[in-house]
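Working notes, structure below.
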Amino acid sequence: MKIRQARVQARPESQKAKTQQTYSWPAPTMGWVANANLAVSQPGAAYHIENFFPTATGLLLRRGSQTFKEIDGAVRSMFSYTSGSFKRFFAATDSDIYDITLTETSVLSDQTGGKWVVAQAESSDDGAIYLRGVNGDDTPWVYDGSSFSDEPALTFPEDETVSPEDLSHVWTFKERFFFIEKETMNAWYLPVGQIGGELAKFSLGGLFKLGGYLVMGATWSRDTGSGMNAMCVFFSSEGEAAVYQGDNPASADSWQLVGVFRTGRPLGPNTTIDAGGDIVVATDVGFVPLSTALQTDFAILGNAALSENIVDAWRDEAFSRSGLEWNVAFWSRMQMVIVALPPLPGEVPVWWVVNARTRAWAPFKGWGATCLHIYDDRCFFGTEDGEIIEANVSGTDNGDAYTGVCVPMFDQMGVVGHKNVSMLRAVVRSPFPVRERLSVQSDYTLNIPPPPDAPAVDAGDVWGSAVWGSAQWGEPREGKNVYQIWRSAFGDGEVHAPCIQITSGDLTPLDAELVRIDATFTSGEVVV
């Protein structure tokens, strides 16, 4: 009998299992970048960020805020007086000026405006230090370290109809007080070393091609300080700056026009900072150094400004907040420049902060400021509710928890095509365990989940063991630990970005620093 060979059914070729791959996003030390091509990978940049500060080594969760003093009325301005070791801190409402150094004491009342601009100088008569204040509404005052006074008064030539109450801005240049007559092209100045007396007029009418009126003035130098090379700058409301060199506006031989330059329209009278001798001014086209404005065509000035990385967002906010006054301050100890945007009704208030060393930007949310002031190396801001609040203290915002959010730039993760993310891990340095929430954002769409709860911080005897505020942003705190835990996360799409959220809600600040975020994923074609 013939036996046939059995037929064996062919097995289908076994499919290879998809291999898990990994990818890492470094902490966005470049900060918030809002002017980049989304399709181009940019490691170290953030697509979205809140309440983290970019340092040279990572991304540091900001500290909280705490009420320092309370006064009766909205805080319109803050200023300070320093003579040797003697210091005084003041806050103004529309009706009063308060000494808030130790208590809340009204030291000048019956005023009609609170937006005081001040300048400090030494008198040649007695060698004492005096503070001059003007606001464009009330009689200018002088503070001598003990009391406010109208004397010595500011006077004008007999043929002038101007009154001292019309002076809206003051600064010092080459040992002279300079003033601006509000809503005009007129500047006024005193003799060298004098704090009062008859003012001399310096008119800039016809100098600015775009018209408008003078907003503010400042001392500018390409080298650090205000020495022999310093120049006097006048800023107009329409975005031009006139630069003069010399020391006596009354003499053509010792007062020459260097030039008139386009800077963009200033966003208020308190929008300049000194940066190594240069002047940086917040304008409608960006945060512009005066030295850059002198060398750059106005058409591309925004792209050459310090705000280059957020130029489009800057212009949008300048347009939406048109007519409102911004506030700017430089916190030298923290190497942080603060741009406080004027709050809009129904919106969460925001600051834009920039690392002065790395030029990396980030938004701080939840702090609504009517004015800013750096006093005794501490940062304070005023509110509409009459509070003077100190920033970068504690781990809460006056008892309320706050959350840091970071989404690095979207990335193809080294593989073209569809990808499924399955796990994420954040590498975080902190003195205390954090409770981060990780999620995956896909295909340029943000879908950020609710914030996580704040962890309970058992600080033991750590709190109060060092001088508060003595460490700079990014300076490693002694005893920092590294936390890195893989967590399940799901993302489905062509490009992805991880999102980390950390909530702070304890008296002790977390000081959590993001180092990087890792992801595991598989790649393959979409089955339809």
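To be explicit about the labels: the chains of the structure tokens are called A, B, and onward in the order shown, and within each one the residues are counted from 1, while ligands get numbers from 1 in the order they are shown.
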
Close residues, Ser237 of chain A itself excluded, 7 Å, only C-alpha atoms, min 4 positions apart in chain, as number ranges by chain = A: 212-215, 265-266

Show me, as a tab-separated table, the residues of segment 303-401 of chain A having an atom within 8 Å of segment 503-521 of chain A, each with the closest atom pair and its distance in Å, using only C-alpha atoms.
residue	atom	partner	partner_atom	distance
A:Val393	CA	A:Pro509	CA	7.7
A:Ser394	CA	A:Leu507	CA	5.2
A:Gly395	CA	A:Pro509	CA	3.8
A:Thr396	CA	A:Gly505	CA	5.1
A:Gly399	CA	A:Gly505	CA	7.4
A:Asp400	CA	A:Gly505	CA	6.6
A:Ala401	CA	A:Gly505	CA	4.1

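The neighbours of Gln42 of chain A here are the residues that come within 9 Å of it, using only C-alpha atoms and leaving out any residue fewer than 4 positions away in the same chain; they are Ala36, Asn37, Leu38, Ala46, Pro408, Met409, Phe410 and Asp411 of chain A.
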
With N, CA and C atoms kept, could you save the residues just selected as an mmCIF file, in the first residue's frame?
data_model
loop_
_atom_site.group_PDB
_atom_site.id
_atom_site.type_symbol
_atom_site.label_atom_id
_atom_site.label_comp_id
_atom_site.auth_asym_id
_atom_site.auth_seq_id
_atom_site.Cartn_x
_atom_site.Cartn_y
_atom_site.Cartn_z
ATOM 1 N N ALA A 36 9.361 80.165 17.044
ATOM 2 C CA ALA A 36 10.104 79.137 16.319
ATOM 3 C C ALA A 36 9.185 78.326 15.407
ATOM 4 N N ASN A 37 9.778 77.738 14.376
ATOM 5 C CA ASN A 37 9.081 76.818 13.479
ATOM 6 C C ASN A 37 8.722 75.557 14.264
ATOM 7 N N LEU A 38 7.438 75.268 14.392
ATOM 8 C CA LEU A 38 7.000 74.147 15.222
ATOM 9 C C LEU A 38 7.464 72.801 14.679
ATOM 10 N N ALA A 46 10.879 75.669 25.456
ATOM 11 C CA ALA A 46 9.566 75.329 26.003
ATOM 12 C C ALA A 46 8.470 75.842 25.075
ATOM 13 N N PRO A 408 7.780 71.003 27.028
ATOM 14 C CA PRO A 408 8.848 71.276 26.064
ATOM 15 C C PRO A 408 8.309 71.292 24.633
ATOM 16 N N MET A 409 9.167 71.640 23.687
ATOM 17 C CA MET A 409 8.759 71.688 22.288
ATOM 18 C C MET A 409 8.340 70.300 21.786
ATOM 19 N N PHE A 410 7.318 70.286 20.933
ATOM 20 C CA PHE A 410 6.902 69.030 20.309
ATOM 21 C C PHE A 410 8.038 68.477 19.452
ATOM 22 N N ASP A 411 8.108 67.123 19.390
ATOM 23 C CA ASP A 411 9.242 66.497 18.711
ATOM 24 C C ASP A 411 8.806 65.192 18.064
#

Segment 250-286 of chain A residues near segment 100-116 of chain A within 12 Å, closest pair each, using only C-alpha atoms, as JSON lines:
{"residue": "A:Gly268", "atom": "CA", "partner": "A:Lys115", "partner_atom": "CA", "distance": 11.4}
{"residue": "A:Pro269", "atom": "CA", "partner": "A:Lys115", "partner_atom": "CA", "distance": 9.7}
{"residue": "A:Asn270", "atom": "CA", "partner": "A:Lys115", "partner_atom": "CA", "distance": 9.9}

Could you save the residues just selected, with C-alpha atoms, as a compact mmCIF listing (two decimals), in the first residue's frame?
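Final output, saved to out.txt:
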# COMPACT_ATOMS: atom_id res chain seq x y z
CA GLY A 268 4.52 103.43 30.33
CA PRO A 269 6.76 105.77 32.33
CA ASN A 270 8.16 102.94 34.48

Residue contacts of Val243 of chain A (7 Å, only C-alpha atoms) excluding same-chain residues fewer than 5 positions away, as a count of residues only = 8

Which one is closest to Asn35 of chain A: A:Ser291, A:Tyr47, A:Asn447, A:Trp367? Count only C-alpha atoms.
-> A:Tyr47

When distances are computed from only C-alpha atoms, which of A:Ala230, A:Ala153, A:Met185, A:Leu372 shows the smallest separation from Leu199 of chain A?
-> A:Ala153

Correct to one decimal, the distance atom CA of Asp458 of chain A-atom CA of Val427 of chain A is 21.0 Å

Considering only C-alpha atoms, state which residue in the set A:Ser168, A:Asn186, A:Ser85, A:Gln20 is at the smallest distance from Arg132 of chain A.
->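 So, comparing all the options, the nearest one is A:Ser168.
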
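Neighbours of segment 432-444 of chain A closer than or equal to 7 Å, with only C-alpha atoms counted and sequence neighbours fewer than 3 positions away skipped, come out as A:Phe410, A:Leu424, A:Asn447, A:Pro452, A:Ala454, A:Pro455, A:Val457, A:Ala489, A:Phe490, A:Gly491, A:Asp492, A:Gly493, A:Glu494, A:Val495, A:His496, A:Ala497, A:Pro498, A:Cys499, A:Ile500, A:Gln501, A:Ile502, A:Leu510.
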
Can I get the selected residues back with N, CA and C atoms, as a CSV table (one decimal), in the first residue's frame?
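Listed below is the output, selection.csv:
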chain,number,residue,atom,x,y,z
A,410,PHE,N,7.3,70.3,20.9
A,410,PHE,CA,6.9,69.0,20.3
A,410,PHE,C,8.0,68.5,19.5
A,424,LEU,N,6.3,57.9,31.0
A,424,LEU,CA,7.1,59.1,31.2
A,424,LEU,C,7.8,59.1,32.5
A,447,ASN,N,-3.7,69.7,25.9
A,447,ASN,CA,-4.8,69.2,26.7
A,447,ASN,C,-4.3,68.9,28.1
A,452,PRO,N,-2.0,68.6,40.0
A,452,PRO,CA,-1.9,67.6,41.1
A,452,PRO,C,-2.0,68.3,42.5
A,454,ALA,N,-0.7,69.3,46.2
A,454,ALA,CA,0.6,69.7,46.7
A,454,ALA,C,1.0,68.6,47.7
A,455,PRO,N,2.3,68.3,47.7
A,455,PRO,CA,2.8,67.3,48.7
A,455,PRO,C,3.0,67.9,50.0
A,457,VAL,N,5.1,68.8,53.1
A,457,VAL,CA,6.6,68.9,53.2
A,457,VAL,C,6.9,68.8,54.7
A,489,ALA,N,1.7,56.8,31.1
A,489,ALA,CA,1.1,57.9,30.3
A,489,ALA,C,0.8,57.4,28.9
A,490,PHE,N,-0.1,58.1,28.3
A,490,PHE,CA,-0.5,57.6,27.0
A,490,PHE,C,-0.6,58.8,26.0
A,491,GLY,N,0.0,58.6,24.9
A,491,GLY,CA,0.0,59.6,23.8
A,491,GLY,C,0.0,58.9,22.5
A,492,ASP,N,-0.8,59.4,21.5
A,492,ASP,CA,-1.0,58.7,20.2
A,492,ASP,C,-0.9,59.8,19.2
A,493,GLY,N,0.1,59.7,18.3
A,493,GLY,CA,0.2,60.7,17.3
A,493,GLY,C,1.5,60.7,16.6
A,494,GLU,N,1.8,61.8,15.8
A,494,GLU,CA,3.0,61.9,15.0
A,494,GLU,C,4.1,62.6,15.8
A,495,VAL,N,3.7,63.6,16.5
A,495,VAL,CA,4.7,64.4,17.3
A,495,VAL,C,4.2,64.5,18.8
A,496,HIS,N,5.1,64.5,19.7
A,496,HIS,CA,4.7,64.5,21.1
A,496,HIS,C,5.5,65.5,21.9
A,497,ALA,N,5.0,65.8,23.1
A,497,ALA,CA,5.7,66.6,24.1
A,497,ALA,C,5.2,66.2,25.4
A,498,PRO,N,6.1,66.0,26.4
A,498,PRO,CA,5.6,65.7,27.8
A,498,PRO,C,5.2,66.9,28.5
A,499,CYS,N,4.3,66.8,29.4
A,499,CYS,CA,3.8,67.9,30.3
A,499,CYS,C,4.1,67.5,31.7
A,500,ILE,N,4.7,68.4,32.5
A,500,ILE,CA,4.9,68.1,33.9
A,500,ILE,C,4.2,69.3,34.7
A,501,GLN,N,3.6,68.9,35.7
A,501,GLN,CA,2.9,69.8,36.6
A,501,GLN,C,3.3,69.5,38.1
A,502,ILE,N,3.8,70.5,38.8
A,502,ILE,CA,4.2,70.4,40.2
A,502,ILE,C,3.4,71.5,41.0
A,510,LEU,N,9.3,74.3,47.8
A,510,LEU,CA,9.8,73.0,47.3
A,510,LEU,C,11.2,73.1,46.6

Mind checking which residues fall within 10 Å of Cys371 of chain A, counting only C-alpha atoms, ignoring those fewer than 3 positions away in the same chain, and posting them as a tab-separated table (two decimals) with N, CA and C atoms, in the first residue's frame?
chain	number	residue	atom	x	y	z
A	75	VAL	N	-2.50	100.54	45.63
A	75	VAL	CA	-1.10	100.96	45.63
A	75	VAL	C	-0.73	101.42	44.23
A	76	ARG	N	-0.40	102.71	44.10
A	76	ARG	CA	-0.10	103.28	42.78
A	76	ARG	C	1.39	103.33	42.48
A	77	SER	N	2.23	103.45	43.52
A	77	SER	CA	3.67	103.49	43.30
A	77	SER	C	4.38	103.13	44.60
A	78	MET	N	5.63	102.70	44.47
A	78	MET	CA	6.49	102.43	45.62
A	78	MET	C	7.87	102.99	45.31
A	79	PHE	N	8.56	103.45	46.34
A	79	PHE	CA	9.90	103.97	46.14
A	79	PHE	C	10.64	103.90	47.47
A	91	ALA	N	5.14	103.56	50.12
A	91	ALA	CA	4.10	103.16	49.16
A	91	ALA	C	3.06	104.26	49.10
A	115	LYS	N	0.87	108.19	41.42
A	115	LYS	CA	1.92	107.64	40.55
A	115	LYS	C	3.15	108.53	40.61
A	270	ASN	N	7.32	103.76	33.61
A	270	ASN	CA	8.16	102.94	34.48
A	270	ASN	C	8.58	101.67	33.77
A	325	GLU	N	-0.53	100.87	31.47
A	325	GLU	CA	0.87	101.04	31.83
A	325	GLU	C	1.48	99.74	32.34
A	326	TRP	N	2.60	99.32	31.70
A	326	TRP	CA	3.37	98.18	32.14
A	326	TRP	C	4.36	98.64	33.20
A	327	ASN	N	4.89	97.68	33.97
A	327	ASN	CA	5.91	97.98	34.97
A	327	ASN	C	7.08	97.02	34.81
A	328	VAL	N	8.28	97.56	34.93
A	328	VAL	CA	9.50	96.78	34.72
A	328	VAL	C	10.45	97.00	35.89
A	329	ALA	N	11.14	95.95	36.31
A	329	ALA	CA	12.15	96.06	37.37
A	329	ALA	C	13.26	95.04	37.13
A	340	ALA	N	5.91	93.24	34.41
A	340	ALA	CA	4.57	92.99	34.94
A	340	ALA	C	3.54	93.57	33.97
A	342	PRO	N	-0.03	94.78	32.70
A	342	PRO	CA	-1.21	95.30	33.40
A	342	PRO	C	-2.34	94.28	33.35
A	368	GLY	N	-0.85	89.79	40.37
A	368	GLY	CA	-1.36	91.00	39.73
A	368	GLY	C	-0.72	92.22	40.35
A	380	PHE	N	9.10	93.54	45.71
A	380	PHE	CA	7.75	93.83	46.21
A	380	PHE	C	6.87	94.30	45.06
A	381	PHE	N	5.58	93.99	45.17
A	381	PHE	CA	4.62	94.52	44.21
A	381	PHE	C	3.35	94.96	44.93
A	382	GLY	N	2.72	96.02	44.39
A	382	GLY	CA	1.50	96.54	44.96
A	382	GLY	C	0.28	96.01	44.25
A	383	THR	N	-0.88	96.09	44.92
A	383	THR	CA	-2.12	95.56	44.35
A	383	THR	C	-3.23	96.60	44.45
A	384	GLU	N	-4.31	96.35	43.72
A	384	GLU	CA	-5.48	97.21	43.78
A	384	GLU	C	-6.16	97.16	45.14
A	388	ILE	N	0.90	95.39	49.86
A	388	ILE	CA	2.27	95.36	49.37
A	388	ILE	C	2.75	93.94	49.62
